[in-house]
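Colleague: Structure below; questions to follow.
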There are 2 protein chains.
Amino acid sequence: MTAEKLVQFRERIRTELDRVVDFWLKHSLDKEFGGFFTCIGKDGKVYDDLKYVWLQGRQVWMYCRLYRTMERFHRPEILEAALSGGEFLQKFAWVPSAGSSGKCAFCLTRDGKAVKVQRTIFSECFYVMALDELSRVTGDVKMQAEAERVMELVVRWARGDSAGLGRPVLPGDAPVNGMAVPMMVLCLVEQMTEGRAEQYSDLADWCVQEILQHIQRDGTAILENVSKEGKELPGCQGRLQNPGHALEAGWFLLKHAVGRGQRELEVTAVNTFMELPFRQGWDPQYGGLFYFLDVDGHCPTQLEWSMKLWWPHCEALIAFLMAYAHTREPRLLEGFTQVYEYTFSHFPDAEHGEWFGYLTQQGSVALDFKGGPFKGFFHVPRCLFMCERLLDGLLDQPCDP
Amino acid sequence: MTAEKLVQFRERIRTELDRVVDFWLKHSLDKEFGGFFTCIGKDGKVYDDLKYVWLQGRQVWMYCRLYRTMERFHRPEILEAALSGGEFLQKFAWVPSAGSSGKCAFCLTRDGKAVKVQRTIFSECFYVMALDELSRVTGDVKMQAEAERVMELVVRWARGDSAGLGRPVLPGDAPVNGMAVPMMVLCLVEQMTEGRAEQYSDLADWCVQEILQHIQRDGTAILENVSKEGKELPGCQGRLQNPGHALEAGWFLLKHAVGRGQRELEVTAVNTFMELPFRQGWDPQYGGLFYFLDVDGHCPTQLEWSMKLWWPHCEALIAFLMAYAHTREPRLLEGFTQVYEYTFSHFPDAEHGEWFGYLTQQGSVALDFKGGPFKGFFHVPRCLFMCERLLDGLLDQPCDP
């Protein structure tokens, strides 16, 4: 019974992954200037040619990961696409004059001129992810060294010396521990350490501790922003919840904990970073995960708070399936099934392929493009890729404890 | 028949204005630290105590304008509120270390510590508006001089020497003529020149020319961003339309043109900045004005593009009533009536007073607070105040040509 369901899930997921890879290979490559178009309409037409570094880096990473680890994607056109993106990033993403020691641009023109530099760490993080993963495919040691060089900067900024980001110091702007930073750095640690000699283990512990600080109110809530001392912050910022982000942190933590046999952390990851935000973040009326919530029930000030976005659903699918694969608790497969049913009945576009990204609270398509400034070739294929692998594992070892 | 309708409009608008003024006097004053709370929930409760300088400045301006020009608001508690806001701004808004010659903060803590400084001109603009209007009430010449000092900076930044804003120069970030800048500066010119010897007239001409550059595609579209040479820009940025903003520009231009007897500009203001964006921006399915559109019909990338916000409707009411008062063209009163009916049946909260700010495309309340980081005591009362005055004029001179 369960096995039959798992086979059905895998069949659909595998088909979707193939369609999504095809969509981006067909519409996204910039054959003239290199790199990728990511502003891609419903039907595949490019509606803007700006190149967002987050999305360029993520797309390189995703192509390499598929090429490197999945037989059917070990194809020359996927490697070529990754190489084109990597070359574009190495040529254009780095802006030496930004910040105090250089920064990556957030956005570039089609031909690689910097348009905007953000005063955060994320462009650099996706740059590191892309170059490290690409170096694993090509064996390019100089590229790996470049990834490590920028990784050092990211770690320095993240762990407190943020002056290099170029943000002015203001007396009312107390430092905040936002969940995105330790999550992202933990993700980089996983990236940089896979199959290599032990390193960054202090850093990983720091990330985990910073993420755990977001458990607040006696374990009854995950809050997106806390103080540097791990206390609740006043106002909207302090009360903000982002259920999809908590679920993503959940599977980052679970993966990390399983890799190190940290049993207590495994339980926290599943109970507190998956099941809790899922219960609180699921819309009882229309289904789907809210984008933002206020822990005290005030209306969030983000205009899009009640919209249903594709990526929290992607993260929830990975989280529940990973948790089920690890524990074999039926309730976790039920969680996966609930998210799966909402996701596959709302987001994929049967006509043109790929997924819609932005639905109204009620579940109709609010923005109909397939790629935009924040939606590229990343959350959907990463989710499908990871779920397919997890299902392979489950179906290979049906009786695993 | 028309007069009867106008009387009904005035009755409702006058009642609403009284309720809105009461709401903010009751819930918004910070008696401990001065200035205003602006994050105010549905029922009047403060849900965050950050102080946004745009909103502090606008609230001071609005109180002073009501106090100075409307008999029934010439009340000590309104003056006291304005003085409290003005004192807070003068004590805390200016951040000498920001930019190259100081800047206003965008956001302050409750007790006045700077949290964030934006690299745009708008905090400074609302600071100038507030202090100039307050100085007109109190006769404080030092305050007026401070307004003029910052006005000079704003003009320098706006007219091309934007280095002082602190934005890095990037090769792909070509300067853009965004509609907000010349509109805002034109609004300041009106503020600073009322009843004073002729000044800033070159500046006013510059603003008008910059605004007129946004008429594109042979007069068939108002675009929000154009090049410094007045040409259409590529991509989403170039195709962006903001109908409420165009309508607001419309009444700024009409007021300016009428004051100077510029007949051709009057016609452009009404036809091209009011009727055209109203036709294009009105949602034929659910009514109300869209927040953003793409001139070629692509889906905008702003998540909130299809939402119905309060302020575009406020600006449309002022625009159509001003245009009707000036021309007495029945079609303009019809436009006003159409916006009026949507607005008054959707935005006001009969239970707790004030207006909701953010509706779904379908017209239900999406965010239920009365004040937030971008909604304060400004668009609603300015609209009601101006419409009441325009209706007074129309009813006093029913046969005016």
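Within each chain, counting starts at residue 1; across the structure tokens, chains are named A, B, ... in the order shown, with ligands numbered 1 upward in that order.
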Mind running region 245-313 of chain B against region 38-53 of chain A at 12 Å and telling me each contacting residue's nearest atom pair with the distance in Å (one decimal), counting only C-alpha atoms, chain and number ascending, as a tab-separated table?
Modeller:
residue	atom	partner	partner_atom	distance
B:Asp294	CA	A:Tyr47	CA	10.6
B:Asp296	CA	A:Tyr47	CA	10.0
B:Gly297	CA	A:Tyr47	CA	10.6
B:His298	CA	A:Tyr47	CA	7.5
B:Cys299	CA	A:Gly41	CA	8.1
B:Pro300	CA	A:Tyr47	CA	10.0
B:Thr301	CA	A:Cys39	CA	9.1
Colleague: May I have the residues from that selection written out with all heavy atoms, as an mmCIF file, in the first residue's frame?
Modeller:
data_model
loop_
_atom_site.group_PDB
_atom_site.id
_atom_site.type_symbol
_atom_site.label_atom_id
_atom_site.label_comp_id
_atom_site.auth_asym_id
_atom_site.auth_seq_id
_atom_site.Cartn_x
_atom_site.Cartn_y
_atom_site.Cartn_z
ATOM 1 N N ASP B 294 2.183 46.232 -16.750
ATOM 2 C CA ASP B 294 3.251 46.228 -17.746
ATOM 3 C C ASP B 294 2.601 46.679 -19.050
ATOM 4 O O ASP B 294 1.563 46.131 -19.452
ATOM 5 C CB ASP B 294 3.822 44.803 -17.859
ATOM 6 C CG ASP B 294 4.883 44.666 -18.929
ATOM 7 O OD1 ASP B 294 4.555 44.838 -20.141
ATOM 8 O OD2 ASP B 294 6.039 44.373 -18.585
ATOM 9 N N ASP B 296 3.167 46.260 -22.047
ATOM 10 C CA ASP B 296 2.975 45.260 -23.097
ATOM 11 C C ASP B 296 2.145 44.073 -22.640
ATOM 12 O O ASP B 296 2.044 43.071 -23.359
ATOM 13 C CB ASP B 296 4.334 44.760 -23.612
ATOM 14 C CG ASP B 296 5.007 45.807 -24.509
ATOM 15 O OD1 ASP B 296 4.285 46.654 -25.067
ATOM 16 O OD2 ASP B 296 6.244 45.765 -24.639
ATOM 17 N N GLY B 297 1.586 44.169 -21.462
ATOM 18 C CA GLY B 297 0.703 43.104 -21.009
ATOM 19 C C GLY B 297 1.405 41.914 -20.381
ATOM 20 O O GLY B 297 0.756 40.913 -20.068
ATOM 21 N N HIS B 298 2.738 42.011 -20.186
ATOM 22 C CA HIS B 298 3.402 40.955 -19.413
ATOM 23 C C HIS B 298 2.929 41.045 -17.961
ATOM 24 O O HIS B 298 2.413 42.075 -17.526
ATOM 25 C CB HIS B 298 4.927 41.150 -19.435
ATOM 26 C CG HIS B 298 5.542 41.015 -20.782
ATOM 27 N ND1 HIS B 298 5.742 39.802 -21.384
ATOM 28 C CD2 HIS B 298 5.994 41.949 -21.647
ATOM 29 C CE1 HIS B 298 6.293 39.990 -22.574
ATOM 30 N NE2 HIS B 298 6.462 41.292 -22.757
ATOM 31 N N CYS B 299 3.160 39.984 -17.231
ATOM 32 C CA CYS B 299 2.845 40.031 -15.807
ATOM 33 C C CYS B 299 3.939 40.838 -15.102
ATOM 34 O O CYS B 299 5.119 40.540 -15.254
ATOM 35 C CB CYS B 299 2.823 38.601 -15.266
ATOM 36 S SG CYS B 299 2.521 38.537 -13.511
ATOM 37 N N PRO B 300 3.564 41.866 -14.337
ATOM 38 C CA PRO B 300 4.603 42.581 -13.573
ATOM 39 C C PRO B 300 5.286 41.624 -12.592
ATOM 40 O O PRO B 300 4.711 40.610 -12.204
ATOM 41 C CB PRO B 300 3.805 43.649 -12.816
ATOM 42 C CG PRO B 300 2.525 43.811 -13.574
ATOM 43 C CD PRO B 300 2.225 42.448 -14.128
ATOM 44 N N THR B 301 6.516 41.943 -12.210
ATOM 45 C CA THR B 301 7.225 41.077 -11.256
ATOM 46 C C THR B 301 6.955 41.482 -9.810
ATOM 47 O O THR B 301 7.378 40.778 -8.894
ATOM 48 C CB THR B 301 8.749 41.095 -11.516
ATOM 49 O OG1 THR B 301 9.207 42.445 -11.460
ATOM 50 C CG2 THR B 301 9.083 40.514 -12.875
#
Colleague: Could you tell me which residues of chain A sit within 7 Å of chain B when counting only C-alpha atoms, and give me the result as a ChimeraX atom specification?
Modeller: /A:47-49,108-109,113-116,170-173,235-236,299,301,303-304,367-369,372
Colleague: Could you check the closest approach to Asp392 (chain B) for each of B:Arg65, B:Lys5, B:Arg10, B:Arg75 and tell me which residue wins, using only C-alpha atoms?
Modeller: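 With only C-alpha atoms as the atom set, the closest residue is B:Arg10.
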Colleague: Could you give me, as a list of chain:residue names, the residues within 10 Å of Ala221 (chain B), counting only C-alpha atoms and dropping anything in the same chain fewer than 5 positions from it?
Modeller: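 Surrounding residues, per the criterion: B:His214, B:Ile215, B:Gln216, B:Arg239, B:Gln241, B:Ala246, B:Thr272, B:Phe273, B:Leu276, B:Pro277, B:Gln280, B:Val295.
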Colleague: Let's have the selection written as a short mmCIF file (atom, residue, chain, number, x, y, z; two decimals), in the first residue's frame, with C-alpha atoms.
Modeller:
data_model
loop_
_atom_site.label_atom_id
_atom_site.label_comp_id
_atom_site.auth_asym_id
_atom_site.auth_seq_id
_atom_site.Cartn_x
_atom_site.Cartn_y
_atom_site.Cartn_z
CA HIS B 214 7.02 59.92 -19.03
CA ILE B 215 4.51 60.27 -21.85
CA GLN B 216 5.66 57.54 -24.21
CA ARG B 239 7.54 48.88 -19.23
CA GLN B 241 3.12 51.49 -15.20
CA ALA B 246 0.24 58.90 -13.00
CA THR B 272 -2.86 62.10 -20.61
CA PHE B 273 -2.17 61.88 -16.88
CA LEU B 276 -5.47 57.62 -20.01
CA PRO B 277 -4.05 55.83 -16.92
CA GLN B 280 -5.72 51.50 -18.67
CA VAL B 295 2.55 48.30 -20.83
#
Colleague: Residues of region 12-105 of chain B classed as strand (DSSP E) by DSSP on the backbone are to be reported as a PyMOL selection string.
Modeller: chain B and resi 39-40+46-48+51-52+94-95+103-104
Colleague: When distances are computed from only C-alpha atoms, which of A:Glu248, A:Asp202, A:Glu152, A:Glu224 shows the smallest separation from Cys187 (chain A)?
Modeller: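 Looking only at the distances to Cys187 (chain A), the closest residue turns out to be A:Glu248.
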Colleague: Quick one: residues within 8 Å of Glu266 (chain B), only C-alpha atoms, excluding same-chain residues fewer than 4 positions away - as a list in words?
Modeller: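 Near neighbours after the sequence-gap exclusion: Leu253, Leu254, Ala257, Val258, Gln262 and Val270 of chain B.
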Colleague: Based on the selection just made, write N, CA, C and O atoms of those residues as a compact mmCIF listing (two decimals), in the first residue's frame.
Modeller:
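New file part23.txt:
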# COMPACT_ATOMS: atom_id res chain seq x y z
N LEU B 253 0.22 68.41 -11.88
CA LEU B 253 0.41 69.20 -13.10
C LEU B 253 -0.74 70.16 -13.33
O LEU B 253 -0.54 71.31 -13.71
N LEU B 254 -1.96 69.68 -13.11
CA LEU B 254 -3.13 70.54 -13.35
C LEU B 254 -3.10 71.75 -12.43
O LEU B 254 -3.32 72.89 -12.85
N ALA B 257 -0.46 74.08 -13.62
CA ALA B 257 -0.82 74.73 -14.89
C ALA B 257 -1.89 75.79 -14.69
O ALA B 257 -1.82 76.89 -15.26
N VAL B 258 -2.86 75.47 -13.86
CA VAL B 258 -3.94 76.44 -13.61
C VAL B 258 -3.37 77.68 -12.92
O VAL B 258 -3.69 78.82 -13.29
N GLN B 262 -1.33 77.95 -17.86
CA GLN B 262 -0.73 77.20 -18.98
C GLN B 262 -1.76 76.23 -19.55
O GLN B 262 -1.85 75.08 -19.14
N VAL B 270 -5.03 66.56 -17.82
CA VAL B 270 -6.32 65.88 -17.72
C VAL B 270 -6.38 64.68 -18.67
O VAL B 270 -6.73 63.56 -18.25
Colleague: If we count only C-alpha atoms and set the cut-off at 10 Å, which residues sit around Leu66 (chain B), ignoring sequence neighbours fewer than 4 positions away in its own chain? Please answer as a list in words.
Modeller: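 Counting only C-alpha atoms, the residues come to Val21, Trp61, Met62, Met70, Glu71, Arg72, Phe73, His74, Arg75, Ile78, Leu79, Pro381, Arg382 and Phe385 of chain B.
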Colleague: As a count of residues only, please: every residue in region 62-269 of chain A that DSSP puts in helix (DSSP H, G or I).
Modeller: 123
Colleague: I want to know what sits within 10 Å of Leu247 (chain A), based on only C-alpha atoms, with residues of the same chain fewer than 6 positions away left out; could you give that as a compact mmCIF listing (two decimals) with all heavy atoms, in the first residue's frame?
Modeller:
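Below you can see out-v3.txt, which holds the result:
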# COMPACT_ATOMS: atom_id res chain seq x y z
N ILE A 222 8.87 29.12 15.98
CA ILE A 222 10.12 29.48 15.31
C ILE A 222 9.94 30.92 14.83
O ILE A 222 9.00 31.22 14.08
CB ILE A 222 10.38 28.58 14.08
CG1 ILE A 222 10.42 27.11 14.47
CG2 ILE A 222 11.66 29.00 13.37
CD1 ILE A 222 11.60 26.71 15.31
N LEU A 253 19.03 21.01 9.04
CA LEU A 253 19.44 20.51 10.36
C LEU A 253 19.39 18.98 10.40
O LEU A 253 20.28 18.33 10.96
CB LEU A 253 18.54 21.07 11.46
CG LEU A 253 18.70 22.54 11.83
CD1 LEU A 253 17.66 22.92 12.89
CD2 LEU A 253 20.12 22.84 12.35
N ALA A 269 14.95 18.89 14.84
CA ALA A 269 14.75 19.27 13.44
C ALA A 269 13.35 18.86 12.97
O ALA A 269 12.63 19.65 12.36
CB ALA A 269 15.82 18.61 12.56
N VAL A 270 12.96 17.64 13.31
CA VAL A 270 11.68 17.14 12.82
C VAL A 270 10.51 17.78 13.58
O VAL A 270 9.56 18.29 12.98
CB VAL A 270 11.62 15.60 12.92
CG1 VAL A 270 10.22 15.08 12.53
CG2 VAL A 270 12.69 14.97 12.02
N THR A 272 10.38 20.45 15.77
CA THR A 272 10.30 21.89 16.00
C THR A 272 10.46 22.70 14.73
O THR A 272 9.90 23.79 14.61
CB THR A 272 11.34 22.30 17.07
OG1 THR A 272 11.25 21.39 18.16
CG2 THR A 272 11.08 23.70 17.56
N PHE A 273 11.25 22.19 13.78
CA PHE A 273 11.46 22.95 12.54
C PHE A 273 10.62 22.43 11.38
O PHE A 273 10.61 23.03 10.32
CB PHE A 273 12.95 22.96 12.16
CG PHE A 273 13.76 23.93 12.99
CD1 PHE A 273 14.28 23.56 14.22
CD2 PHE A 273 13.98 25.23 12.55
CE1 PHE A 273 15.01 24.45 14.98
CE2 PHE A 273 14.71 26.12 13.31
CZ PHE A 273 15.22 25.74 14.53
N MET A 274 9.95 21.31 11.58
CA MET A 274 9.08 20.83 10.49
C MET A 274 7.62 20.79 10.94
O MET A 274 6.78 21.50 10.43
CB MET A 274 9.52 19.44 10.03
CG MET A 274 10.91 19.42 9.40
SD MET A 274 11.32 17.73 8.88
CE MET A 274 13.06 17.94 8.47
N GLU A 275 7.35 19.95 11.93
CA GLU A 275 5.93 19.74 12.27
C GLU A 275 5.29 21.00 12.85
O GLU A 275 4.14 21.32 12.55
CB GLU A 275 5.80 18.56 13.22
CG GLU A 275 6.25 17.27 12.52
CD GLU A 275 5.86 16.03 13.30
OE1 GLU A 275 6.62 15.65 14.21
OE2 GLU A 275 4.78 15.48 13.01
N LEU A 276 6.03 21.72 13.68
CA LEU A 276 5.48 22.93 14.30
C LEU A 276 5.16 24.02 13.26
O LEU A 276 4.02 24.49 13.18
CB LEU A 276 6.46 23.42 15.38
CG LEU A 276 6.12 24.71 16.11
CD1 LEU A 276 4.84 24.56 16.93
CD2 LEU A 276 7.28 25.14 17.01
N PRO A 277 6.12 24.45 12.45
CA PRO A 277 5.77 25.50 11.46
C PRO A 277 4.76 25.01 10.42
O PRO A 277 4.00 25.82 9.88
CB PRO A 277 7.11 25.85 10.80
CG PRO A 277 8.05 24.78 11.18
CD PRO A 277 7.56 24.17 12.45
N PHE A 278 4.74 23.71 10.16
CA PHE A 278 3.76 23.18 9.22
C PHE A 278 2.35 23.34 9.80
O PHE A 278 1.44 23.81 9.12
CB PHE A 278 4.07 21.72 8.92
CG PHE A 278 3.10 21.07 7.97
CD1 PHE A 278 2.99 21.52 6.67
CD2 PHE A 278 2.30 20.01 8.38
CE1 PHE A 278 2.09 20.92 5.78
CE2 PHE A 278 1.41 19.41 7.50
CZ PHE A 278 1.31 19.87 6.20
N PRO A 312 8.19 27.56 -0.52
CA PRO A 312 7.94 26.92 0.78
C PRO A 312 7.37 25.51 0.61
O PRO A 312 7.67 24.62 1.42
CB PRO A 312 6.90 27.85 1.43
CG PRO A 312 7.12 29.18 0.78
CD PRO A 312 7.48 28.83 -0.64
N HIS A 313 6.60 25.31 -0.45
CA HIS A 313 6.05 23.98 -0.70
C HIS A 313 7.13 23.00 -1.14
O HIS A 313 7.12 21.84 -0.74
CB HIS A 313 4.90 24.09 -1.70
CG HIS A 313 3.77 24.92 -1.16
ND1 HIS A 313 3.79 26.30 -1.21
CD2 HIS A 313 2.64 24.59 -0.49
CE1 HIS A 313 2.71 26.77 -0.60
NE2 HIS A 313 1.99 25.76 -0.15
N CYS A 314 8.08 23.49 -1.92
CA CYS A 314 9.24 22.65 -2.29
C CYS A 314 10.01 22.23 -1.05
O CYS A 314 10.39 21.06 -0.89
CB CYS A 314 10.18 23.43 -3.21
SG CYS A 314 9.51 23.76 -4.85
N GLU A 315 10.26 23.19 -0.16
CA GLU A 315 11.04 22.89 1.04
C GLU A 315 10.28 21.93 1.95
O GLU A 315 10.88 21.04 2.57
CB GLU A 315 11.41 24.18 1.78
CG GLU A 315 12.20 25.19 0.96
CD GLU A 315 13.39 24.57 0.24
OE1 GLU A 315 14.13 23.81 0.89
OE2 GLU A 315 13.58 24.84 -0.96
N ALA A 316 8.98 22.11 2.04
CA ALA A 316 8.17 21.22 2.88
C ALA A 316 8.19 19.79 2.35
O ALA A 316 8.22 18.82 3.13
CB ALA A 316 6.73 21.75 2.97
N LEU A 317 8.17 19.64 1.04
CA LEU A 317 8.21 18.30 0.45
C LEU A 317 9.52 17.60 0.80
O LEU A 317 9.53 16.44 1.23
CB LEU A 317 8.06 18.38 -1.09
CG LEU A 317 6.66 18.74 -1.59
CD1 LEU A 317 6.68 19.00 -3.10
CD2 LEU A 317 5.64 17.63 -1.27
N ILE A 318 10.62 18.32 0.63
CA ILE A 318 11.93 17.73 0.98
C ILE A 318 11.96 17.38 2.46
O ILE A 318 12.37 16.27 2.86
CB ILE A 318 13.09 18.72 0.67
CG1 ILE A 318 13.13 19.07 -0.82
CG2 ILE A 318 14.43 18.13 1.12
CD1 ILE A 318 14.11 20.21 -1.16
N ALA A 319 11.51 18.32 3.29
CA ALA A 319 11.60 18.14 4.74
C ALA A 319 10.83 16.89 5.18
O ALA A 319 11.37 16.02 5.87
CB ALA A 319 11.05 19.38 5.46
N PHE A 320 9.57 16.79 4.77
CA PHE A 320 8.77 15.66 5.24
C PHE A 320 9.26 14.33 4.68
O PHE A 320 9.23 13.31 5.37
CB PHE A 320 7.29 15.87 4.93
CG PHE A 320 6.61 16.73 5.95
CD1 PHE A 320 6.18 18.01 5.64
CD2 PHE A 320 6.44 16.27 7.24
CE1 PHE A 320 5.56 18.80 6.61
CE2 PHE A 320 5.82 17.06 8.22
CZ PHE A 320 5.39 18.33 7.89
Colleague: Give me the residues near Arg331 (chain A) as a PyMOL selection string, where near means some atom within 12 Å (using only C-alpha atoms) and where sequence neighbours in that chain fewer than 3 positions away do not count.
Modeller: chain A and resi 270-271+274-275+320-321+323-325+327-328+334-338
Colleague: Quick check, in Å to one decimal: how far apart do CA of Tyr63 (chain B) and CA of Ala93 (chain B) lie?
Modeller: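 Atom-to-atom, CA of Tyr63 (chain B) to CA of Ala93 (chain B), that is 18.6 Å.
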Colleague: Would you compute the distance between CA of Ile13 (chain B) and CA of Gly357 (chain B)? Give it in Å to one decimal.
Modeller: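 Taking CA of Ile13 (chain B) as the start and CA of Gly357 (chain B) as the end point, the length is 17.3 Å.
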